[in-house]
Each structure stands twice: as C-alpha cells, then as structure tokens.
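File shown: structure.cif (mmCIF, C-alpha atoms and all ligand atoms; chains and numbers go by the auth columns).
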```cif
data_my_file
loop_
_atom_site.group_PDB
_atom_site.id
_atom_site.type_symbol
_atom_site.label_atom_id
_atom_site.label_comp_id
_atom_site.label_asym_id
_atom_site.label_seq_id
_atom_site.Cartn_x
_atom_site.Cartn_y
_atom_site.Cartn_z
_atom_site.B_iso_or_equiv
_atom_site.auth_seq_id
_atom_site.auth_asym_id
ATOM 1 C CA MET A 1 -55.054 -19.233 24.176 0.00 101 M
ATOM 2 C CA VAL A 2 -57.099 -20.680 27.035 0.00 102 M
ATOM 3 C CA ASN A 3 -59.048 -17.425 27.273 0.00 103 M
ATOM 4 C CA ILE A 4 -59.794 -17.576 23.538 0.00 104 M
ATOM 5 C CA ILE A 5 -60.886 -21.218 23.642 0.00 105 M
ATOM 6 C CA THR A 6 -63.076 -20.908 26.717 0.00 106 M
ATOM 7 C CA LYS A 7 -65.157 -18.157 25.101 0.00 107 M
ATOM 8 C CA ASP A 8 -66.891 -20.722 22.888 0.00 108 M
ATOM 9 C CA LEU A 9 -66.274 -23.707 25.158 0.00 109 M
ATOM 10 C CA PHE A 10 -68.254 -22.232 28.051 0.00 110 M
ATOM 11 C CA LYS A 11 -71.150 -21.423 25.708 0.00 111 M
ATOM 12 C CA LYS A 12 -71.277 -25.008 24.475 0.00 112 M
ATOM 13 C CA TYR A 13 -70.623 -26.802 27.788 0.00 113 M
ATOM 14 C CA LYS A 14 -72.446 -25.269 30.750 0.00 114 M
ATOM 15 C CA THR A 15 -72.525 -28.174 33.218 0.00 115 M
ATOM 16 C CA PRO A 16 -70.365 -31.213 34.058 0.00 116 M
ATOM 17 C CA GLN A 17 -73.051 -33.333 32.434 0.00 117 M
ATOM 18 C CA ASP A 18 -72.526 -31.460 29.133 0.00 118 M
ATOM 19 C CA TYR A 19 -68.840 -32.498 29.097 0.00 119 M
ATOM 20 C CA LEU A 20 -69.793 -36.095 29.845 0.00 120 M
ATOM 21 C CA LYS A 21 -72.282 -36.133 26.963 0.00 121 M
ATOM 22 C CA ALA A 22 -69.681 -35.023 24.385 0.00 122 M
ATOM 23 C CA ALA A 23 -69.110 -37.574 21.605 0.00 123 M
ATOM 24 C CA PRO A 24 -65.705 -39.307 21.509 0.00 124 M
ATOM 25 C CA GLY A 25 -63.151 -36.882 20.111 0.00 125 M
ATOM 26 C CA GLU A 26 -65.504 -33.879 20.221 0.00 126 M
ATOM 27 C CA LEU A 27 -64.109 -32.324 23.411 0.00 127 M
ATOM 28 C CA GLU A 28 -60.559 -32.970 22.198 0.00 128 M
ATOM 29 C CA LYS A 29 -61.375 -31.067 19.005 0.00 129 M
ATOM 30 C CA ASP A 30 -62.893 -28.170 20.970 0.00 130 M
ATOM 31 C CA ILE A 31 -59.780 -27.675 23.131 0.00 131 M
ATOM 32 C CA LYS A 32 -57.138 -28.762 20.614 0.00 132 M
ATOM 33 C CA ALA A 33 -55.571 -25.300 20.255 0.00 133 M
ATOM 34 C CA SER A 34 -54.637 -25.260 23.954 0.00 134 M
ATOM 35 C CA GLY A 35 -52.051 -28.047 23.579 0.00 135 M
ATOM 36 C CA PHE A 36 -51.866 -31.328 25.536 0.00 136 M
ATOM 37 C CA PHE A 37 -55.521 -31.615 24.601 0.00 137 M
ATOM 38 C CA ASN A 38 -55.786 -35.397 25.063 0.00 138 M
ATOM 39 C CA GLN A 39 -54.617 -35.203 28.669 0.00 139 M
ATOM 40 C CA LYS A 40 -56.757 -32.142 29.333 0.00 140 M
ATOM 41 C CA ALA A 41 -59.853 -33.792 27.857 0.00 141 M
ATOM 42 C CA LYS A 42 -59.221 -36.855 30.034 0.00 142 M
ATOM 43 C CA SER A 43 -58.965 -34.658 33.134 0.00 143 M
ATOM 44 C CA ILE A 44 -62.093 -32.681 32.228 0.00 144 M
ATOM 45 C CA ARG A 45 -64.087 -35.889 31.763 0.00 145 M
ATOM 46 C CA GLY A 46 -62.753 -37.398 35.013 0.00 146 M
ATOM 47 C CA LEU A 47 -63.379 -34.159 36.889 0.00 147 M
ATOM 48 C CA SER A 48 -66.909 -33.838 35.493 0.00 148 M
ATOM 49 C CA GLN A 49 -67.714 -37.424 36.463 0.00 149 M
ATOM 50 C CA LYS A 50 -66.475 -36.837 40.010 0.00 150 M
ATOM 51 C CA LEU A 51 -68.452 -33.589 40.308 0.00 151 M
ATOM 52 C CA VAL A 52 -71.608 -35.446 39.296 0.00 152 M
ATOM 53 C CA ASP A 53 -70.926 -38.530 41.426 0.00 153 M
ATOM 54 C CA GLU A 54 -69.694 -36.888 44.612 0.00 154 M
ATOM 55 C CA PHE A 55 -70.618 -33.214 44.630 0.00 155 M
ATOM 56 C CA GLY A 56 -74.101 -33.053 43.103 0.00 156 M
ATOM 57 C CA GLY A 57 -72.705 -31.469 39.938 0.00 157 M
ATOM 58 C CA GLU A 58 -71.377 -28.421 41.844 0.00 158 M
ATOM 59 C CA VAL A 59 -67.773 -27.226 42.207 0.00 159 M
ATOM 60 C CA PRO A 60 -66.724 -27.752 45.840 0.00 160 M
ATOM 61 C CA SER A 61 -65.425 -24.825 47.884 0.00 161 M
ATOM 62 C CA THR A 62 -62.635 -26.322 49.982 0.00 162 M
ATOM 63 C CA MET A 63 -58.993 -27.055 49.182 0.00 163 M
ATOM 64 C CA GLU A 64 -59.326 -30.642 50.438 0.00 164 M
ATOM 65 C CA GLU A 65 -62.219 -31.378 48.074 0.00 165 M
ATOM 66 C CA LEU A 66 -60.840 -29.522 45.064 0.00 166 M
ATOM 67 C CA ILE A 67 -57.485 -31.307 45.005 0.00 167 M
ATOM 68 C CA ARG A 68 -59.310 -34.644 44.904 0.00 168 M
ATOM 69 C CA LEU A 69 -60.580 -33.768 41.423 0.00 169 M
ATOM 70 C CA PRO A 70 -58.626 -35.131 38.432 0.00 170 M
ATOM 71 C CA GLY A 71 -56.183 -32.590 36.994 0.00 171 M
ATOM 72 C CA VAL A 72 -56.561 -30.203 39.950 0.00 172 M
ATOM 73 C CA ALA A 73 -53.570 -29.439 42.170 0.00 173 M
ATOM 74 C CA ARG A 74 -53.052 -26.585 44.636 0.00 174 M
ATOM 75 C CA LYS A 75 -52.432 -23.954 41.932 0.00 175 M
ATOM 76 C CA THR A 76 -55.774 -24.494 40.227 0.00 176 M
ATOM 77 C CA ALA A 77 -57.551 -24.977 43.556 0.00 177 M
ATOM 78 C CA ASN A 78 -56.169 -21.654 44.814 0.00 178 M
ATOM 79 C CA VAL A 79 -57.346 -19.870 41.657 0.00 179 M
ATOM 80 C CA VAL A 80 -60.850 -21.337 42.021 0.00 180 M
ATOM 81 C CA LEU A 81 -61.024 -20.611 45.750 0.00 181 M
ATOM 82 C CA GLY A 82 -59.874 -17.015 45.282 0.00 182 M
ATOM 83 C CA ASN A 83 -61.843 -16.119 42.159 0.00 183 M
ATOM 84 C CA ALA A 84 -65.059 -18.064 42.685 0.00 184 M
ATOM 85 C CA PHE A 85 -65.352 -18.192 46.470 0.00 185 M
ATOM 86 C CA GLY A 86 -63.301 -15.197 47.667 0.00 186 M
ATOM 87 C CA LYS A 87 -61.204 -17.444 49.906 0.00 187 M
ATOM 88 C CA ASN A 88 -57.521 -16.938 50.744 0.00 188 M
ATOM 89 C CA GLU A 89 -56.500 -20.541 51.324 0.00 189 M
ATOM 90 C CA GLY A 90 -53.088 -20.287 49.682 0.00 190 M
ATOM 91 C CA ILE A 91 -51.145 -18.617 46.879 0.00 191 M
ATOM 92 C CA ALA A 92 -51.402 -19.888 43.308 0.00 192 M
ATOM 93 C CA VAL A 93 -47.861 -20.560 42.069 0.00 193 M
ATOM 94 C CA ASP A 94 -47.780 -20.586 38.282 0.00 194 M
ATOM 95 C CA THR A 95 -44.682 -20.167 36.107 0.00 195 M
ATOM 96 C CA HIS A 96 -44.610 -16.356 36.628 0.00 196 M
ATOM 97 C CA VAL A 97 -45.050 -16.540 40.399 0.00 197 M
ATOM 98 C CA HIS A 98 -42.366 -19.217 40.592 0.00 198 M
ATOM 99 C CA ARG A 99 -39.860 -17.257 38.494 0.00 199 M
ATOM 100 C CA LEU A 100 -40.449 -13.973 40.293 0.00 200 M
ATOM 101 C CA SER A 101 -40.258 -15.605 43.706 0.00 201 M
ATOM 102 C CA TRP A 102 -36.777 -16.815 42.779 0.00 202 M
ATOM 103 C CA ARG A 103 -35.623 -13.564 41.264 0.00 203 M
ATOM 104 C CA LEU A 104 -36.934 -11.422 44.093 0.00 204 M
ATOM 105 C CA GLY A 105 -35.453 -13.742 46.698 0.00 205 M
ATOM 106 C CA PHE A 106 -38.780 -14.821 48.200 0.00 206 M
ATOM 107 C CA SER A 107 -37.961 -18.524 47.812 0.00 207 M
ATOM 108 C CA ASP A 108 -35.257 -20.757 46.435 0.00 208 M
ATOM 109 C CA HIS A 109 -37.292 -23.936 46.192 0.00 209 M
ATOM 110 C CA ASP A 110 -37.964 -25.860 42.979 0.00 210 M
ATOM 111 C CA ASP A 111 -41.151 -27.448 44.270 0.00 211 M
ATOM 112 C CA PRO A 112 -44.108 -25.039 43.692 0.00 212 M
ATOM 113 C CA ASN A 113 -45.760 -26.239 46.919 0.00 213 M
ATOM 114 C CA LYS A 114 -42.655 -25.192 48.878 0.00 214 M
ATOM 115 C CA VAL A 115 -42.526 -21.855 47.053 0.00 215 M
ATOM 116 C CA GLU A 116 -46.160 -21.366 48.046 0.00 216 M
ATOM 117 C CA LYS A 117 -45.354 -22.085 51.684 0.00 217 M
ATOM 118 C CA ASP A 118 -42.501 -19.536 51.655 0.00 218 M
ATOM 119 C CA LEU A 119 -44.811 -16.897 50.165 0.00 219 M
ATOM 120 C CA MET A 120 -47.537 -17.663 52.710 0.00 220 M
ATOM 121 C CA VAL A 121 -45.066 -16.897 55.499 0.00 221 M
ATOM 122 C CA LEU A 122 -43.922 -13.641 53.882 0.00 222 M
ATOM 123 C CA PHE A 123 -47.332 -12.108 53.129 0.00 223 M
ATOM 124 C CA PRO A 124 -50.419 -11.597 55.333 0.00 224 M
ATOM 125 C CA ARG A 125 -53.279 -13.946 54.576 0.00 225 M
ATOM 126 C CA ASN A 126 -55.648 -11.238 53.385 0.00 226 M
ATOM 127 C CA ARG A 127 -53.152 -10.443 50.567 0.00 227 M
ATOM 128 C CA TRP A 128 -52.513 -13.988 49.349 0.00 228 M
ATOM 129 C CA PHE A 129 -54.911 -13.796 46.422 0.00 229 M
ATOM 130 C CA SER A 130 -53.622 -10.409 45.264 0.00 230 M
ATOM 131 C CA VAL A 131 -49.950 -11.455 45.682 0.00 231 M
ATOM 132 C CA SER A 132 -50.446 -14.070 43.001 0.00 232 M
ATOM 133 C CA HIS A 133 -52.119 -11.574 40.634 0.00 233 M
ATOM 134 C CA LEU A 134 -49.461 -8.931 41.259 0.00 234 M
ATOM 135 C CA LEU A 135 -46.589 -11.302 40.543 0.00 235 M
ATOM 136 C CA ILE A 136 -48.290 -12.688 37.426 0.00 236 M
ATOM 137 C CA ASN A 137 -48.980 -9.190 36.081 0.00 237 M
ATOM 138 C CA HIS A 138 -45.441 -8.054 36.856 0.00 238 M
ATOM 139 C CA GLY A 139 -44.053 -11.181 35.191 0.00 239 M
ATOM 140 C CA ARG A 140 -46.101 -10.556 32.048 0.00 240 M
ATOM 141 C CA ALA A 141 -45.451 -6.820 31.813 0.00 241 M
ATOM 142 C CA ILE A 142 -41.872 -6.366 33.067 0.00 242 M
ATOM 143 C CA CYS A 143 -40.110 -9.422 34.446 0.00 243 M
ATOM 144 C CA ASP A 144 -40.152 -11.547 31.326 0.00 244 M
ATOM 145 C CA ALA A 145 -38.593 -15.029 31.565 0.00 245 M
ATOM 146 C CA ARG A 146 -35.983 -14.383 28.849 0.00 246 M
ATOM 147 C CA ALA A 147 -35.691 -10.619 28.732 0.00 247 M
ATOM 148 C CA PRO A 148 -36.604 -8.930 32.014 0.00 248 M
ATOM 149 C CA LYS A 149 -36.890 -5.148 31.656 0.00 249 M
ATOM 150 C CA CYS A 150 -34.821 -4.442 34.765 0.00 250 M
ATOM 151 C CA ILE A 151 -34.010 -0.836 33.860 0.00 251 M
ATOM 152 C CA GLU A 152 -37.670 0.150 33.887 0.00 252 M
ATOM 153 C CA CYS A 153 -38.643 -2.167 36.767 0.00 253 M
ATOM 154 C CA PRO A 154 -39.985 -0.211 39.776 0.00 254 M
ATOM 155 C CA VAL A 155 -38.386 -2.620 42.253 0.00 255 M
ATOM 156 C CA ASN A 156 -34.976 -2.958 40.611 0.00 256 M
ATOM 157 C CA ASP A 157 -33.245 -1.380 43.634 0.00 257 M
ATOM 158 C CA LEU A 158 -34.683 -4.133 45.847 0.00 258 M
ATOM 159 C CA CYS A 159 -34.300 -7.110 43.532 0.00 259 M
ATOM 160 C CA PRO A 160 -31.287 -9.394 44.038 0.00 260 M
ATOM 161 C CA ALA A 161 -31.500 -10.559 40.418 0.00 261 M
ATOM 162 C CA SER A 162 -31.699 -7.098 38.850 0.00 262 M
ATOM 163 C CA ARG A 163 -29.635 -6.543 35.722 0.00 263 M
ATOM 164 C CA ALA A 164 -30.102 -2.776 35.904 0.00 264 M
ATOM 165 C CA PRO A 165 -26.975 -0.697 36.619 0.00 265 M
ATOM 166 C CA ALA A 166 -26.504 -0.292 40.384 0.00 266 M
ATOM 167 C CA THR A 167 -27.551 3.107 41.759 0.00 267 M
ATOM 168 C CA GLY A 168 -25.300 3.145 44.794 0.00 268 M
ATOM 169 C CA GLY A 169 -27.581 1.021 46.970 0.00 269 M
ATOM 170 C CA SER A 170 -26.499 -2.167 48.640 0.00 270 M
ATOM 171 C CA ARG A 171 -28.075 -4.521 46.173 0.00 271 M
ATOM 172 C CA LYS A 172 -26.745 -8.014 46.438 0.00 272 M
ATOM 173 C CA ARG A 173 -26.846 -9.873 43.167 0.00 273 M
ATOM 174 C CA ALA A 174 -28.396 -13.301 43.264 0.00 274 M
ATOM 175 C CA SER A 175 -26.058 -16.193 42.768 0.00 275 M
ATOM 176 C CA ARG A 176 -28.827 -18.632 41.949 0.00 276 M
ATOM 177 C CA ARG A 177 -30.359 -18.904 38.502 0.00 277 M
ATOM 178 C CA SER A 178 -32.068 -15.789 37.211 0.00 278 M
ATOM 179 C CA SER A 179 -34.561 -17.378 34.861 0.00 279 M
HETATM 180 S S1 LIG B . -35.316 -6.018 38.643 0.00 301 Q
HETATM 181 FE FE1 LIG B . -35.378 -7.333 36.824 0.00 301 Q
HETATM 182 S S2 LIG B . -35.270 -9.442 37.604 0.00 301 Q
HETATM 183 FE FE2 LIG B . -35.835 -8.100 39.339 0.00 301 Q
HETATM 184 S S3 LIG B . -38.097 -8.113 39.375 0.00 301 Q
HETATM 185 FE FE3 LIG B . -37.470 -6.359 38.166 0.00 301 Q
HETATM 186 S S4 LIG B . -37.469 -7.090 36.054 0.00 301 Q
HETATM 187 FE FE4 LIG B . -37.445 -8.890 37.388 0.00 301 Q
#
```
Give the structure from the file, written as structure tokens.
Amino acid sequence: MVNIITKDLFKKYKTPQDYLKAAPGELEKDIKASGFFNQKAKSIRGLSQKLVDEFGGEVPSTMEELIRLPGVARKTANVVLGNAFGKNEGIAVDTHVHRLSWRLGFSDHDDPNKVEKDLMVLFPRNRWFSVSHLLINHGRAICDARAPKCIECPVNDLCPASRAPATGGSRKRASRRSS
C-alpha cells in the first residue's frame, strides 16, 4: 500500500517544504489509505520541519542524525542509510526480519534493537544490508507469519522451527513461539 501511495505522493511533494505547505487535512487525505494516517502526517510534518531547520532541507546521512527525526527509529534509519547512502550501519528489523530471526534461531529477543544486535554479531558487516532484504523476501515468499511453507523451504533442514517432516538430520525443534 505504501508503494502505491508514494507513486503519486512523491510527484506532488518533492521537498520538505512541500509537505510543510500542505493545507490542514490535505496530507492526511493523501496518505489515508496507508492507515494510522494522522500519526504519520504528524511525523512527516515534524520531520520536514526539522530537515528545514537543522539540515538545510537535506536528509542527513548518519544514524545519529536520522534517529533524531520525528517518526524515525533504527529500522527506518537503516533502510535510508543502506538504500540512499550505501552504508552498512546496522540491520533493519521489520516484522519479517523479526519473525525469521526467531524461527531460524538467530535471536530470541522481543526488542527489535536487541534482535538487530544479535544479527550484527552473526553476519559480516558488508552483508548487513542484504541480510535484511534476504530475510524480508524469504518471509514474503516462503516463511509466512501464519502459514510458513516449510516443505518447500530451502533451509528447512537447518531451521529449528521447521514444520516439514524430518529427513533424518539432527534438527532440533524450537520450543519458543513459532510465529
Ligand atoms: S523451515 Fe519453515 S519456519 Fe523455518 S524458515 Fe523455512 S518456512 Fe520458515
């Protein structure tokens, strides 16, 4: 839905100043389909104001600066740093990365920041950005939240949460939650 909305949104609003000039209720209407639109509009306005006031209208390129912007935490900052600046500062932990990290036994933390730290220890820094993409793609295509396709999963012999029939390996089934 976000990808659908931003197609027109990015044509209409090209700079932080454009978001700040929007009439009351206009931005809310433009992003309504994405859900939680009031909170998102508030964050976009606050973020745009801060970009204008403190960063000359440009998106900053460091983790420290990005997480000072309203509505931006490490997940979003990591996505921006990786996609826009080619920087591996951390690993974006969204709902897919979180779920797969649990199922694959990479982390057993609830806090996404702690999951991120566990992943950063497990994978070399030059792979951090791609780790996030790989887990998200695998989560979307195979390891669905409600109905994981374990039988066709290429790593089912390594996964502690696999529901595929055992093939004689030494798979240890996870005792923690599998969703
Ligand atoms: S085996 Fe099942 S639970 Fe494990 S990663 Fe594959 S789809 Fe997900």
Polymer residues at most 9 Å from Arg174 of chain M, all atoms listed in the file, same-chain spacing of 3 or more positions, as a list of chain:residue names: M:Met163, M:Leu166, M:Ile167, M:Ala177, M:Asn178, M:Val179, M:Gly190, M:Ile191, M:Ala192, M:Val193, M:Asn213
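Here atom CA of Leu109 of chain M is placed at a distance of 15.0 Å from atom CA of Gly135 of chain M.
Atom CA of Gln117 of chain M to atom CA of Ile104 of chain M spans 22.4 Å [interatomic distance, one decimal].
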Computed interatomic separation between atom CA of Gly182 of chain M and atom CA of Ser232 of chain M (Å): 10.1 Å
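Closest approach to ligand LIG 301 (chain Q) among M:Ile236, M:Val152, M:Leu120, M:Ala141 is made by M:Ile236 (distances from all atoms listed in the file).
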Could the residues of chain M that have an atom at most 12 Å from ligand LIG 301 (chain Q) be listed as CSV, each with its closest atom pair and the distance in Å to one decimal, counting all atoms listed in the file and ordered by chain and ascending residue number?
```
residue,atom,partner,partner_atom,distance
M:His196,CA,Q:LIG301,FE4,10.4
M:Val197,CA,Q:LIG301,S3,11.0
M:His198,CA,Q:LIG301,FE4,11.9
M:Arg199,CA,Q:LIG301,FE4,8.8
M:Leu200,CA,Q:LIG301,S3,6.4
M:Ser201,CA,Q:LIG301,S3,8.9
M:Trp202,CA,Q:LIG301,S2,9.1
M:Arg203,CA,Q:LIG301,S2,5.5
M:Leu204,CA,Q:LIG301,S3,5.9
M:Gly205,CA,Q:LIG301,FE2,9.3
M:Phe206,CA,Q:LIG301,S3,11.1
M:Leu234,CA,Q:LIG301,S3,11.5
M:Leu235,CA,Q:LIG301,S3,9.1
M:Ile236,CA,Q:LIG301,S3,11.3
M:Asn237,CA,Q:LIG301,S3,11.4
M:His238,CA,Q:LIG301,S3,7.8
M:Gly239,CA,Q:LIG301,FE4,7.3
M:Arg240,CA,Q:LIG301,S4,10.1
M:Ala241,CA,Q:LIG301,S4,9.0
M:Ile242,CA,Q:LIG301,S4,5.4
M:Cys243,CA,Q:LIG301,S4,3.9
M:Asp244,CA,Q:LIG301,S4,7.0
M:Ala245,CA,Q:LIG301,FE4,8.5
M:Arg246,CA,Q:LIG301,S2,10.1
M:Ala247,CA,Q:LIG301,S4,8.3
M:Pro248,CA,Q:LIG301,S4,4.5
M:Lys249,CA,Q:LIG301,S4,4.8
M:Cys250,CA,Q:LIG301,FE1,3.6
M:Ile251,CA,Q:LIG301,S1,7.2
M:Glu252,CA,Q:LIG301,S4,7.6
M:Cys253,CA,Q:LIG301,FE3,4.6
M:Pro254,CA,Q:LIG301,FE3,6.8
M:Val255,CA,Q:LIG301,FE3,5.6
M:Asn256,CA,Q:LIG301,S1,3.7
M:Asp257,CA,Q:LIG301,S1,7.1
M:Leu258,CA,Q:LIG301,S1,7.5
M:Cys259,CA,Q:LIG301,FE2,4.6
M:Pro260,CA,Q:LIG301,FE2,6.7
M:Ala261,CA,Q:LIG301,S2,4.8
M:Ser262,CA,Q:LIG301,S1,3.8
M:Arg263,CA,Q:LIG301,FE1,5.9
M:Ala264,CA,Q:LIG301,S1,6.7
M:Pro265,CA,Q:LIG301,S1,10.1
M:Ala266,CA,Q:LIG301,S1,10.7
M:Arg271,CA,Q:LIG301,S1,10.6
M:Lys272,CA,Q:LIG301,FE2,11.5
M:Arg273,CA,Q:LIG301,FE2,9.9
M:Ala274,CA,Q:LIG301,S2,9.7
M:Arg277,CA,Q:LIG301,S2,10.7
M:Ser278,CA,Q:LIG301,S2,7.1
M:Ser279,CA,Q:LIG301,S2,8.4
```
Resolved residues for the PyMOL selection byres (((chain M and resi 128) around 12) and not hetatm) as JSON, numbers by chain: {"M": [105, 109, 119, 122, 123, 124, 125, 126, 127, 129, 130, 131, 132, 133, 134, 135, 136, 137, 138, 139, 140, 141, 142, 143, 144, 145]}
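You can rank M:Leu169, M:Asp211, M:Gly157, M:Arg225 by their closest distance to Glu189 of chain M using all atoms listed in the file, and at the top of that list sits M:Arg225.
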Which centre and which edge lengths, in Å to one decimal, describe the axis-aligned box that holds all listed atoms of segment 236-245 of chain M after 4 Å is added on each side, as JSON?
```
{"center_x": -43.8, "center_y": -10.7, "center_z": 34.4, "size_x": 18.4, "size_y": 16.7, "size_z": 14.1}
```
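Among the candidate residues M:Leu181, M:Ala173, M:Val102, M:Val215, the one lying nearest to Phe229 of chain M is M:Leu181, with distances computed using all atoms listed in the file.
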Closest of M:Leu147, M:Val231, M:Leu222, M:Met101 to Glu165 of chain M - atom-to-atom distances counting only C-alpha atoms: M:Leu147
Copy segment 108-131 of chain M out of the block into a file, keeping N, CA, C and O atoms, as a compact mmCIF listing (two decimals), in the first residue's frame.
```txt
# COMPACT_ATOMS: atom_id res chain seq x y z
N ASP M 108 2.09 8.62 -6.29
CA ASP M 108 1.54 9.97 -6.51
C ASP M 108 2.08 10.96 -5.48
O ASP M 108 2.30 12.13 -5.80
N LEU M 109 2.30 10.46 -4.26
CA LEU M 109 2.76 11.36 -3.19
C LEU M 109 4.09 12.03 -3.56
O LEU M 109 4.27 13.24 -3.39
N PHE M 110 5.02 11.23 -4.08
CA PHE M 110 6.34 11.78 -4.40
C PHE M 110 6.31 12.70 -5.61
O PHE M 110 7.23 13.49 -5.81
N LYS M 111 5.24 12.58 -6.44
CA LYS M 111 5.11 13.53 -7.55
C LYS M 111 4.61 14.88 -7.03
O LYS M 111 5.00 15.93 -7.50
N LYS M 112 3.73 14.80 -6.04
CA LYS M 112 3.12 16.02 -5.51
C LYS M 112 4.04 16.74 -4.53
O LYS M 112 4.11 17.96 -4.51
N TYR M 113 4.72 15.98 -3.68
CA TYR M 113 5.59 16.57 -2.65
C TYR M 113 7.04 16.17 -2.95
O TYR M 113 7.43 15.02 -2.79
N LYS M 114 7.83 17.14 -3.38
CA LYS M 114 9.21 16.82 -3.78
C LYS M 114 10.24 17.28 -2.75
O LYS M 114 11.39 16.84 -2.79
N THR M 115 9.87 18.17 -1.86
CA THR M 115 10.82 18.68 -0.87
C THR M 115 10.13 18.73 0.50
O THR M 115 8.90 18.70 0.59
N PRO M 116 10.90 18.86 1.58
CA PRO M 116 10.29 19.01 2.90
C PRO M 116 9.38 20.24 2.95
O PRO M 116 8.32 20.21 3.57
N GLN M 117 9.78 21.27 2.23
CA GLN M 117 8.96 22.49 2.23
C GLN M 117 7.57 22.22 1.63
O GLN M 117 6.57 22.79 2.07
N ASP M 118 7.50 21.33 0.63
CA ASP M 118 6.20 21.00 0.02
C ASP M 118 5.26 20.39 1.06
O ASP M 118 4.07 20.69 1.08
N TYR M 119 5.80 19.51 1.93
CA TYR M 119 4.94 18.89 2.97
C TYR M 119 4.48 19.95 3.96
O TYR M 119 3.35 19.92 4.43
N LEU M 120 5.36 20.91 4.26
CA LEU M 120 5.01 21.94 5.23
C LEU M 120 3.97 22.91 4.68
O LEU M 120 3.21 23.51 5.42
N LYS M 121 3.91 23.03 3.35
CA LYS M 121 2.96 23.96 2.73
C LYS M 121 1.56 23.34 2.57
O LYS M 121 0.61 24.03 2.25
N ALA M 122 1.44 22.04 2.80
CA ALA M 122 0.15 21.37 2.58
C ALA M 122 -0.92 21.97 3.50
O ALA M 122 -0.66 22.25 4.67
N ALA M 123 -2.11 22.17 2.96
CA ALA M 123 -3.22 22.72 3.75
C ALA M 123 -3.62 21.72 4.84
O ALA M 123 -3.40 20.51 4.67
N PRO M 124 -4.21 22.21 5.95
CA PRO M 124 -4.63 21.28 7.00
C PRO M 124 -5.54 20.18 6.44
O PRO M 124 -6.49 20.47 5.72
N GLY M 125 -5.20 18.95 6.75
CA GLY M 125 -6.01 17.82 6.30
C GLY M 125 -5.62 17.27 4.94
O GLY M 125 -6.01 16.15 4.58
N GLU M 126 -4.88 18.06 4.15
CA GLU M 126 -4.55 17.63 2.78
C GLU M 126 -3.59 16.43 2.79
O GLU M 126 -3.81 15.44 2.09
N LEU M 127 -2.54 16.54 3.59
CA LEU M 127 -1.56 15.43 3.65
C LEU M 127 -2.22 14.17 4.21
O LEU M 127 -1.99 13.06 3.72
N GLU M 128 -3.06 14.36 5.23
CA GLU M 128 -3.78 13.22 5.81
C GLU M 128 -4.60 12.50 4.73
O GLU M 128 -4.62 11.28 4.66
N LYS M 129 -5.26 13.30 3.89
CA LYS M 129 -6.08 12.72 2.82
C LYS M 129 -5.19 11.96 1.82
O LYS M 129 -5.53 10.86 1.37
N ASP M 130 -4.04 12.51 1.53
CA ASP M 130 -3.13 11.90 0.54
C ASP M 130 -2.53 10.57 1.00
O ASP M 130 -2.11 9.77 0.18
N ILE M 131 -2.44 10.38 2.33
CA ILE M 131 -1.81 9.13 2.82
C ILE M 131 -2.81 8.25 3.58
O ILE M 131 -2.43 7.26 4.19
```
